[in-house]
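Source file: entry.txt. Holds: compact mmCIF, C-alpha atoms.
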```txt
# COMPACT_ATOMS: atom_id res chain seq x y z
CA MET F 1 -4.83 -23.37 -3.19
CA LYS F 2 -7.49 -20.66 -3.50
CA THR F 3 -11.12 -21.75 -3.49
CA LEU F 4 -12.58 -18.28 -4.12
CA LYS F 5 -11.76 -16.12 -7.12
CA ILE F 6 -12.50 -12.70 -5.74
CA PRO F 7 -10.50 -9.87 -7.32
CA GLU F 8 -8.12 -8.24 -4.86
CA ALA F 9 -9.54 -4.85 -5.84
CA THR F 10 -12.91 -6.04 -4.50
CA ILE F 11 -11.37 -7.05 -1.17
CA ILE F 12 -9.73 -3.64 -0.91
CA ARG F 13 -13.02 -1.89 -1.67
CA LEU F 14 -14.87 -4.06 0.90
CA SER F 15 -12.34 -2.80 3.41
CA VAL F 16 -13.11 0.79 2.37
CA TYR F 17 -16.89 0.17 2.52
CA SER F 18 -16.61 -1.25 6.02
CA ARG F 19 -14.76 1.86 7.25
CA HIS F 20 -17.52 4.02 5.80
CA LEU F 21 -20.16 1.82 7.48
CA THR F 22 -18.38 2.29 10.82
CA ASP F 23 -18.83 6.07 10.44
CA VAL F 24 -22.43 5.74 9.24
CA ASP F 25 -23.29 3.38 12.13
CA ARG F 26 -21.78 5.84 14.63
CA LYS F 27 -24.14 8.52 13.31
CA GLY F 28 -27.08 6.23 14.20
CA ILE F 29 -28.17 5.62 10.58
CA ILE F 30 -30.15 2.36 10.23
CA THR F 31 -30.29 1.68 6.48
CA ILE F 32 -28.10 2.71 3.54
CA SER F 33 -28.42 2.37 -0.24
CA SER F 34 -25.65 1.26 -2.60
CA GLY F 35 -25.79 4.80 -3.99
CA GLU F 36 -25.09 6.29 -0.57
CA ILE F 37 -22.20 3.90 0.05
CA ALA F 38 -20.87 4.71 -3.42
CA GLU F 39 -21.06 8.46 -2.79
CA GLY F 40 -19.41 8.11 0.62
CA VAL F 41 -16.36 6.30 -0.72
CA GLY F 42 -16.12 7.66 -4.26
CA VAL F 43 -16.96 4.68 -6.51
CA SER F 44 -20.01 3.98 -8.71
CA PRO F 45 -23.20 2.44 -7.23
CA ALA F 46 -22.91 -0.41 -9.79
CA GLN F 47 -19.43 -1.19 -8.44
CA VAL F 48 -20.75 -1.39 -4.87
CA ARG F 49 -23.53 -3.77 -5.93
CA LYS F 50 -21.13 -5.91 -7.98
CA ASP F 51 -18.63 -6.17 -5.12
CA LEU F 52 -21.29 -7.17 -2.60
CA ALA F 53 -22.88 -9.65 -5.04
CA TYR F 54 -19.77 -11.86 -4.81
CA PHE F 55 -20.87 -12.78 -1.33
CA GLY F 56 -24.60 -13.37 -1.84
CA GLU F 57 -27.71 -11.23 -1.44
CA PHE F 58 -27.60 -8.59 1.28
CA GLY F 59 -30.00 -5.75 0.65
CA THR F 60 -33.74 -5.32 0.14
CA ARG F 61 -34.75 -3.74 -3.16
CA GLY F 62 -36.05 -0.21 -2.61
CA VAL F 63 -35.01 -0.22 1.05
CA GLY F 64 -31.26 -0.73 0.90
CA TYR F 65 -28.98 -2.43 3.36
CA ASN F 66 -29.26 -2.63 7.12
CA VAL F 67 -26.07 -0.82 8.19
CA LYS F 68 -25.19 -3.04 11.16
CA ASP F 69 -25.92 -6.31 9.34
CA LEU F 70 -23.96 -5.31 6.26
CA HIS F 71 -21.05 -4.08 8.37
CA ARG F 72 -20.94 -7.29 10.39
CA HIS F 73 -21.13 -9.38 7.22
CA ILE F 74 -18.27 -7.52 5.51
CA LEU F 75 -16.08 -7.75 8.61
CA LYS F 76 -16.71 -11.50 8.68
CA ILE F 77 -15.76 -11.82 4.98
CA LEU F 78 -12.55 -9.90 5.67
CA GLY F 79 -11.73 -12.17 8.60
CA LEU F 80 -12.13 -9.27 11.03
CA SER F 81 -14.85 -10.63 13.32
CA GLU F 82 -12.06 -11.63 15.71
CA ASP F 83 -8.76 -9.99 16.69
CA TRP F 84 -5.44 -11.03 15.14
CA SER F 85 -2.19 -11.36 17.05
CA VAL F 86 0.52 -9.54 15.10
CA CYS F 87 4.26 -9.33 15.65
CA LEU F 88 6.39 -6.52 14.26
CA VAL F 89 10.01 -7.17 13.34
CA GLY F 90 12.23 -4.11 12.88
CA MET F 91 11.99 -0.86 14.84
CA GLY F 92 13.47 1.64 12.43
CA ASN F 93 11.41 4.71 11.43
CA LEU F 94 8.88 2.56 9.60
CA GLY F 95 8.50 0.14 12.52
CA LEU F 96 8.01 3.10 14.84
CA ALA F 97 5.36 4.54 12.52
CA LEU F 98 3.58 1.18 12.44
CA THR F 99 3.43 0.89 16.25
CA THR F 100 1.65 4.25 16.41
CA TYR F 101 -0.62 3.50 13.45
CA LYS F 102 -4.13 3.64 14.89
CA GLY F 103 -5.69 1.87 11.91
CA PHE F 104 -4.27 -1.51 12.95
CA ARG F 105 -5.80 -1.70 16.42
CA GLU F 106 -9.11 -0.23 15.21
CA ARG F 107 -9.41 -3.09 12.73
CA GLY F 108 -8.48 -5.78 15.25
CA PHE F 109 -4.78 -6.16 14.41
CA ILE F 110 -3.10 -6.19 17.82
CA ILE F 111 0.69 -5.90 17.93
CA THR F 112 1.49 -8.40 20.68
CA SER F 113 5.28 -8.53 20.25
CA ILE F 114 8.03 -6.38 18.73
CA TYR F 115 11.56 -7.48 17.78
CA ASP F 116 14.80 -5.77 16.80
CA ASN F 117 18.48 -6.74 16.84
CA ASP F 118 19.73 -3.38 18.18
CA PRO F 119 20.74 -3.66 21.88
CA MET F 120 19.82 0.04 22.28
CA LYS F 121 16.23 -0.72 21.25
CA ILE F 122 15.75 -4.05 23.03
CA GLY F 123 13.92 -3.50 26.32
CA THR F 124 12.25 -0.24 25.22
CA VAL F 125 8.46 -0.30 25.62
CA TYR F 126 6.08 0.98 22.93
CA HIS F 127 2.36 1.11 23.74
CA GLY F 128 2.87 -1.48 26.44
CA VAL F 129 4.90 -3.88 24.29
CA GLU F 130 8.60 -4.42 25.06
CA VAL F 131 11.05 -4.76 22.18
CA MET F 132 12.71 -8.19 22.28
CA CYS F 133 15.78 -9.61 20.54
CA ILE F 134 14.99 -11.27 17.18
CA ASP F 135 16.53 -14.49 18.55
CA HIS F 136 13.32 -14.93 20.55
CA ILE F 137 10.88 -14.71 17.61
CA GLU F 138 10.22 -18.46 17.29
CA GLU F 139 9.81 -19.13 21.00
CA VAL F 140 7.63 -16.08 21.78
CA ALA F 141 5.53 -16.23 18.60
CA LYS F 142 4.70 -19.89 19.27
CA ASN F 143 3.83 -19.17 22.90
CA ASN F 144 1.50 -16.25 22.27
CA LYS F 145 0.04 -17.76 19.06
CA THR F 146 1.18 -14.96 16.76
CA GLN F 147 -0.81 -15.25 13.51
CA ILE F 148 0.68 -12.46 11.41
CA GLY F 149 4.25 -11.19 11.11
CA ILE F 150 5.15 -7.74 9.80
CA ILE F 151 8.65 -7.43 8.34
CA ALA F 152 10.07 -3.89 8.57
CA VAL F 153 13.80 -4.73 8.43
CA PRO F 154 16.36 -3.94 5.70
CA SER F 155 16.18 -6.13 2.56
CA SER F 156 19.34 -8.05 3.44
CA ALA F 157 17.79 -9.37 6.67
CA ALA F 158 14.24 -9.95 5.40
CA GLN F 159 14.49 -13.59 4.21
CA ALA F 160 16.08 -14.75 7.48
CA ILE F 161 13.25 -13.07 9.42
CA ALA F 162 10.64 -14.62 7.10
CA ASP F 163 12.18 -18.06 7.77
CA LYS F 164 11.96 -17.48 11.52
CA LEU F 165 8.32 -16.36 11.22
CA VAL F 166 7.45 -19.43 9.15
CA ARG F 167 9.09 -21.73 11.73
CA ALA F 168 7.15 -19.87 14.42
CA GLY F 169 3.95 -20.90 12.64
CA VAL F 170 2.53 -17.55 11.48
CA GLN F 171 -0.26 -17.79 8.91
CA ALA F 172 0.53 -14.59 7.07
CA ILE F 173 3.42 -12.19 6.50
CA LEU F 174 3.25 -8.52 5.51
CA ASN F 175 6.60 -7.54 4.04
CA PHE F 176 7.78 -3.92 3.72
CA ALA F 177 11.32 -4.83 2.60
CA PRO F 178 11.77 -4.28 -1.16
CA VAL F 179 12.85 -7.87 -1.87
CA VAL F 180 11.15 -11.05 -3.13
CA LEU F 181 10.72 -13.50 -0.22
CA ASN F 182 10.30 -17.27 -0.41
CA VAL F 183 7.73 -18.75 1.95
CA PRO F 184 5.81 -22.05 1.80
CA PRO F 185 2.45 -21.91 -0.06
CA GLU F 186 0.44 -22.31 3.14
CA VAL F 187 1.76 -18.96 4.41
CA GLU F 188 0.07 -15.91 2.87
CA LEU F 189 2.61 -13.30 1.82
CA ARG F 190 1.94 -9.70 0.83
CA ASN F 191 4.57 -7.19 -0.18
CA VAL F 192 4.03 -3.49 0.44
CA ASP F 193 6.09 -1.23 -1.75
CA LEU F 194 5.32 2.39 -0.96
CA ALA F 195 6.86 3.62 -4.23
CA VAL F 196 4.38 1.53 -6.24
CA ASN F 197 1.64 3.84 -4.97
CA LEU F 198 3.43 6.80 -6.50
CA GLU F 199 3.89 4.88 -9.74
CA VAL F 200 0.17 4.19 -10.06
CA LEU F 201 -0.31 7.97 -9.67
CA THR F 202 2.28 8.91 -12.28
CA PHE F 203 0.85 6.33 -14.69
CA ASN F 204 -2.57 7.93 -14.24
CA VAL F 205 -1.16 11.45 -14.66
CA GLY F 206 0.39 10.24 -17.93
CA ALA F 207 -2.88 8.61 -19.07
CA HIS F 208 -4.70 11.90 -18.47
CA ARG F 209 -2.28 13.70 -20.72
CA LEU F 210 -2.78 11.31 -23.67
CA MET A 211 -11.31 11.37 -17.99
CA LYS A 212 -9.33 8.15 -18.52
CA THR A 213 -8.45 7.19 -22.06
CA LEU A 214 -6.79 3.87 -21.19
CA LYS A 215 -8.51 1.06 -19.35
CA ILE A 216 -5.55 -0.73 -17.85
CA PRO A 217 -6.28 -2.65 -14.64
CA GLU A 218 -4.49 -1.17 -11.65
CA ALA A 219 -3.17 -4.66 -10.83
CA THR A 220 -1.35 -4.58 -14.20
CA ILE A 221 0.27 -1.23 -13.38
CA ILE A 222 1.40 -2.60 -10.01
CA ARG A 223 2.87 -5.70 -11.68
CA LEU A 224 4.63 -3.55 -14.32
CA SER A 225 6.25 -1.73 -11.43
CA VAL A 226 7.37 -5.09 -9.98
CA TYR A 227 8.67 -6.30 -13.37
CA SER A 228 10.70 -3.13 -13.82
CA ARG A 229 12.40 -3.63 -10.42
CA HIS A 230 13.30 -7.17 -11.46
CA LEU A 231 14.65 -5.89 -14.81
CA THR A 232 16.85 -3.40 -12.93
CA ASP A 233 18.46 -6.33 -11.09
CA VAL A 234 18.73 -8.45 -14.24
CA ASP A 235 20.29 -5.58 -16.19
CA ARG A 236 22.84 -5.00 -13.40
CA LYS A 237 23.93 -8.64 -13.81
CA GLY A 238 24.71 -7.91 -17.47
CA ILE A 239 21.96 -10.16 -18.87
CA ILE A 240 20.92 -9.11 -22.42
CA THR A 241 17.66 -10.97 -23.11
CA ILE A 242 14.95 -12.41 -20.88
CA SER A 243 11.88 -14.59 -21.53
CA SER A 244 8.42 -14.02 -20.05
CA GLY A 245 8.99 -17.28 -18.14
CA GLU A 246 12.15 -15.89 -16.55
CA ILE A 247 10.44 -12.63 -15.58
CA ALA A 248 7.52 -14.66 -14.19
CA GLU A 249 9.82 -16.84 -12.10
CA GLY A 250 11.77 -13.84 -10.85
CA VAL A 251 8.70 -12.06 -9.51
CA GLY A 252 6.38 -14.96 -8.67
CA VAL A 253 3.55 -14.70 -11.23
CA SER A 254 2.61 -16.92 -14.20
CA PRO A 255 4.32 -16.46 -17.62
CA ALA A 256 0.85 -16.00 -19.17
CA GLN A 257 0.23 -13.11 -16.76
CA VAL A 258 3.50 -11.42 -17.79
CA ARG A 259 2.64 -11.73 -21.47
CA LYS A 260 -0.91 -10.47 -20.90
CA ASP A 261 0.30 -7.46 -18.90
CA LEU A 262 2.86 -6.47 -21.51
CA ALA A 263 0.38 -7.01 -24.38
CA TYR A 264 -1.63 -4.00 -23.18
CA PHE A 265 1.16 -1.79 -24.44
CA GLY A 266 1.88 -3.38 -27.82
CA GLU A 267 4.41 -5.94 -29.05
CA PHE A 268 7.75 -6.02 -27.26
CA GLY A 269 9.48 -9.38 -27.56
CA THR A 270 10.71 -11.64 -30.34
CA ARG A 271 9.17 -15.13 -30.36
CA GLY A 272 11.71 -17.75 -29.30
CA VAL A 273 14.25 -15.07 -28.32
CA GLY A 274 12.49 -13.13 -25.59
CA TYR A 275 12.78 -9.50 -24.63
CA ASN A 276 15.80 -7.25 -24.80
CA VAL A 277 16.27 -6.37 -21.12
CA LYS A 278 17.28 -2.73 -21.57
CA ASP A 279 14.60 -1.99 -24.18
CA LEU A 280 11.85 -3.62 -22.15
CA HIS A 281 13.00 -1.87 -18.98
CA ARG A 282 13.08 1.54 -20.68
CA HIS A 283 9.66 0.94 -22.22
CA ILE A 284 8.05 -0.04 -18.90
CA LEU A 285 9.59 2.97 -17.12
CA LYS A 286 8.16 5.19 -19.85
CA ILE A 287 4.70 3.62 -19.45
CA LEU A 288 4.88 4.21 -15.69
CA GLY A 289 5.88 7.82 -16.23
CA LEU A 290 9.32 7.18 -14.72
CA SER A 291 11.56 8.21 -17.60
CA GLU A 292 11.94 11.57 -15.82
CA ASP A 293 12.21 12.57 -12.14
CA TRP A 294 9.20 13.82 -10.19
CA SER A 295 9.31 16.66 -7.67
CA VAL A 296 7.56 15.53 -4.51
CA CYS A 297 6.64 17.41 -1.35
CA LEU A 298 5.97 15.68 1.95
CA VAL A 299 3.54 17.21 4.44
CA GLY A 300 3.70 15.92 8.02
CA MET A 301 6.84 14.84 9.84
CA GLY A 302 5.49 12.40 12.39
CA ASN A 303 6.88 8.85 12.51
CA LEU A 304 5.43 8.04 9.13
CA GLY A 305 6.81 11.20 7.52
CA LEU A 306 10.21 10.41 9.00
CA ALA A 307 10.03 6.85 7.62
CA LEU A 308 9.12 8.24 4.19
CA THR A 309 12.10 10.64 4.09
CA THR A 310 14.45 7.70 4.65
CA TYR A 311 12.61 5.37 2.25
CA LYS A 312 15.19 4.54 -0.43
CA GLY A 313 12.59 3.23 -2.86
CA PHE A 314 11.35 6.73 -3.70
CA ARG A 315 14.64 8.23 -4.85
CA GLU A 316 15.62 5.06 -6.72
CA ARG A 317 12.42 5.32 -8.79
CA GLY A 318 12.85 9.04 -9.49
CA PHE A 319 10.58 10.46 -6.79
CA ILE A 320 12.63 13.27 -5.29
CA ILE A 321 11.40 14.87 -2.08
CA THR A 322 12.14 18.53 -2.78
CA SER A 323 10.28 20.07 0.16
CA ILE A 324 8.99 19.01 3.57
CA TYR A 325 6.36 20.77 5.70
CA ASP A 326 5.09 20.52 9.27
CA ASN A 327 3.26 22.85 11.66
CA ASP A 328 5.36 22.00 14.74
CA PRO A 329 7.81 24.86 15.55
CA MET A 330 10.18 22.23 17.02
CA LYS A 331 10.41 20.48 13.65
CA ILE A 332 10.49 23.54 11.36
CA GLY A 333 14.08 24.29 10.39
CA THR A 334 15.34 20.73 10.93
CA VAL A 335 17.10 19.28 7.87
CA TYR A 336 16.44 15.73 6.57
CA HIS A 337 18.59 14.45 3.72
CA GLY A 338 19.38 18.00 2.71
CA VAL A 339 15.78 19.25 2.82
CA GLU A 340 14.70 21.73 5.49
CA VAL A 341 11.30 21.37 7.13
CA MET A 342 9.18 24.47 6.43
CA CYS A 343 5.97 25.76 7.96
CA ILE A 344 2.82 24.48 6.19
CA ASP A 345 1.84 28.12 5.58
CA HIS A 346 4.48 28.14 2.83
CA ILE A 347 3.17 25.14 0.86
CA GLU A 348 1.47 27.12 -1.91
CA GLU A 349 4.28 29.60 -2.46
CA VAL A 350 7.13 27.08 -2.37
CA ALA A 351 5.34 24.32 -4.29
CA LYS A 352 4.55 26.76 -7.09
CA ASN A 353 8.11 28.08 -7.19
CA ASN A 354 9.84 24.69 -7.37
CA LYS A 355 7.15 23.12 -9.57
CA THR A 356 6.13 20.41 -7.13
CA GLN A 357 4.19 17.76 -9.06
CA ILE A 358 3.20 15.33 -6.30
CA GLY A 359 2.16 15.94 -2.69
CA ILE A 360 2.32 13.28 0.01
CA ILE A 361 -0.06 13.80 2.94
CA ALA A 362 1.19 12.24 6.19
CA VAL A 363 -0.74 14.40 8.67
CA PRO A 364 -3.57 13.42 11.06
CA SER A 365 -7.01 12.90 9.47
CA SER A 366 -8.40 16.12 10.91
CA ALA A 367 -5.82 18.22 9.03
CA ALA A 368 -5.74 16.24 5.77
CA GLN A 369 -8.44 18.05 3.76
CA ALA A 370 -6.96 21.51 4.50
CA ILE A 371 -3.55 20.24 3.33
CA ALA A 372 -5.11 18.71 0.21
CA ASP A 373 -6.74 22.09 -0.57
CA LYS A 374 -3.37 23.84 -0.23
CA LEU A 375 -1.71 21.27 -2.49
CA VAL A 376 -4.43 21.67 -5.12
CA ARG A 377 -4.04 25.48 -5.04
CA ALA A 378 -0.30 24.97 -5.38
CA GLY A 379 -0.94 23.12 -8.63
CA VAL A 380 0.21 19.59 -7.84
CA GLN A 381 -0.88 16.93 -10.35
CA ALA A 382 -1.21 14.08 -7.89
CA ILE A 383 -1.69 13.46 -4.17
CA LEU A 384 -0.74 10.36 -2.18
CA ASN A 385 -2.77 10.36 1.02
CA PHE A 386 -1.82 8.31 4.08
CA ALA A 387 -4.50 9.85 6.34
CA PRO A 388 -7.45 7.46 6.84
CA VAL A 389 -10.06 9.90 5.53
CA VAL A 390 -11.86 10.48 2.21
CA LEU A 391 -10.49 13.65 0.56
CA ASN A 392 -12.19 15.83 -2.02
CA VAL A 393 -9.99 17.04 -4.85
CA PRO A 394 -10.87 18.28 -8.36
CA PRO A 395 -11.00 15.55 -11.05
CA GLU A 396 -7.83 16.80 -12.75
CA VAL A 397 -5.79 15.94 -9.64
CA GLU A 398 -4.98 12.23 -9.25
CA LEU A 399 -5.61 11.04 -5.72
CA ARG A 400 -4.53 7.75 -4.16
CA ASN A 401 -5.19 6.69 -0.61
CA VAL A 402 -2.78 4.38 1.17
CA ASP A 403 -4.30 2.52 4.09
CA LEU A 404 -1.72 0.26 5.66
CA ALA A 405 -4.37 -1.80 7.47
CA VAL A 406 -5.97 -2.75 4.14
CA ASN A 407 -2.87 -4.79 3.37
CA LEU A 408 -3.42 -6.83 6.51
CA GLU A 409 -7.09 -7.27 5.58
CA VAL A 410 -6.21 -8.73 2.16
CA LEU A 411 -4.00 -11.20 4.05
CA THR A 412 -6.67 -12.19 6.56
CA PHE A 413 -9.23 -12.58 3.77
CA ASN A 414 -6.82 -14.93 2.01
CA VAL A 415 -6.10 -16.87 5.20
CA GLY A 416 -9.88 -17.32 5.56
CA ALA A 417 -10.26 -18.38 1.90
CA HIS A 418 -7.56 -21.03 2.42
CA ARG A 419 -9.47 -22.49 5.33
CA LEU A 420 -12.72 -22.91 3.36
```
Would you mind writing the file's structure down as structure tokens?
Amino acid sequence: MKTLKIPEATIIRLSVYSRHLTDVDRKGIITISSGEIAEGVGVSPAQVRKDLAYFGEFGTRGVGYNVKDLHRHILKILGLSEDWSVCLVGMGNLGLALTTYKGFRERGFIITSIYDNDPMKIGTVYHGVEVMCIDHIEEVAKNNKTQIGIIAVPSSAAQAIADKLVRAGVQAILNFAPVVLNVPPEVELRNVDLAVNLEVLTFNVGAHRL
Amino acid sequence: MKTLKIPEATIIRLSVYSRHLTDVDRKGIITISSGEIAEGVGVSPAQVRKDLAYFGEFGTRGVGYNVKDLHRHILKILGLSEDWSVCLVGMGNLGLALTTYKGFRERGFIITSIYDNDPMKIGTVYHGVEVMCIDHIEEVAKNNKTQIGIIAVPSSAAQAIADKLVRAGVQAILNFAPVVLNVPPEVELRNVDLAVNLEVLTFNVGAHRL
């Protein structure tokens, strides 16, 4: 299916570069070198140049990159030049944390609907969005053209929610439930396992000790 | 500093394989092929073999891998053959979600202390752990040999917390605050940015459309 072979690590770093460029742009800085980007985010200048080279020539040798142009270009690569309509399914502690997570809105991910199956939670309003019953996912998601679904429900319920989201026509699913989900190949699926982050750390601690 | 050059994507997949092996082992299955692991987690058999080859020869050709041996070996590689003492700083929605996150305890990450600066939260007990004032981080973390610190505080407070954790002698920090932290090279640092996960998805949605 994929037409580009860009390492995921590069995509993640582009995301980090673009955040740094937001800060730099706010300070009124016009041009930036790969070395300055590298220093700002904690990678090597060669890595910055290699990552950007995947997407063509940006900078001017000896001058560096125009901050606004580079920022705009990276946002376009990441698909962030327009907003995305996101629905959140599951309003446990994690769901609650996600509704208050400023990083989503800042990057153009707008939570346009929230679902839960708990009658005590249905009808509650978070940041202007009312929690609806999960029975309405398909209808509402189709109506308001939801593009991304976030699954923050227990593992046992996750596949049923994924099926609903697929029928509702979402293009991508971000899954926090620690379970392997089956979705059709045209739907992008990404699993977030918070413990994996700790395991990368403990692996690295172990590698240091060797 | 690093003596091994293992791609981070490999470490993340090892973590995924080991979860699958936990399930397989619980079902009483004795041996497993790379093809079966691949199918169970949704990667190619060649990828499984390549990932495992970084750490020497495991399987027997035509027979496959002994499930328990392979599982134990992967856990050892990931540094999970023993428990880790973890402290959590910041009890907002995210902190609350993290205390109830089952995946940590299952993988041997035990939250042994929790800190906040809100007098309303200090003294509250979550899963047997009492929230303490952040002024006590250094003293308590040293006493109970905290190895990993999780930062779940606002960006503006994150560096001061990181400094306290470093002085307390933690080996690794997992940072959820969207800010670049400075820590000495001997402390492993990993930043978790939940929005990045959505950006990898939207990049992939865009790549599909090309």
Which residues are close to region 317-323 of chain A, i.e. within 9 Å by only C-alpha atoms, leaving aside same-chain residues fewer than 5 positions away? Reply as an MDAnalysis selection string. (chainID F and resid 195 198:199) or (chainID A and resid 290:299 309 312 339:342 347 350:351 354 356 358)
How far is it from CA of Asn197 (chain F) to CA of Gly274 (chain A), in Å with one decimal? 28.8 Å
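Residues within 9 Å of Gly416 (chain A), counting all atoms listed in the file and excluding same-chain residues fewer than 4 positions away, are F:Ile77, F:Leu78, F:Gly79, A:Leu411, A:Thr412, A:Leu420.
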Please identify all polymer residues within 7 Å of region 165-174 of chain F, counting only C-alpha atoms, omitting same-chain residues fewer than 3 positions from it, and present them as a ChimeraX atom specification. /F:138,141-142,146-151,161-162,187-191 /A:408,411,415
Excluding Ser34 (chain F) and any residue of its chain fewer than 6 positions from it, enumerate the residues within 8 Å of it, using all atoms listed in the file, and give them as a ChimeraX atom specification. /F:45-46,48-49,64-65
Go ahead and dump the residues you just picked, C-alpha atoms, as a short mmCIF file (atom, residue, chain, number, x, y, z; two decimals), in the coordinates of the input.
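Result file follows (selection35.cif):
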```cif
data_model
loop_
_atom_site.label_atom_id
_atom_site.label_comp_id
_atom_site.auth_asym_id
_atom_site.auth_seq_id
_atom_site.Cartn_x
_atom_site.Cartn_y
_atom_site.Cartn_z
CA PRO F 45 -23.20 2.44 -7.23
CA ALA F 46 -22.91 -0.41 -9.79
CA VAL F 48 -20.75 -1.39 -4.87
CA ARG F 49 -23.53 -3.77 -5.93
CA GLY F 64 -31.26 -0.73 0.90
CA TYR F 65 -28.98 -2.43 3.36
#
```
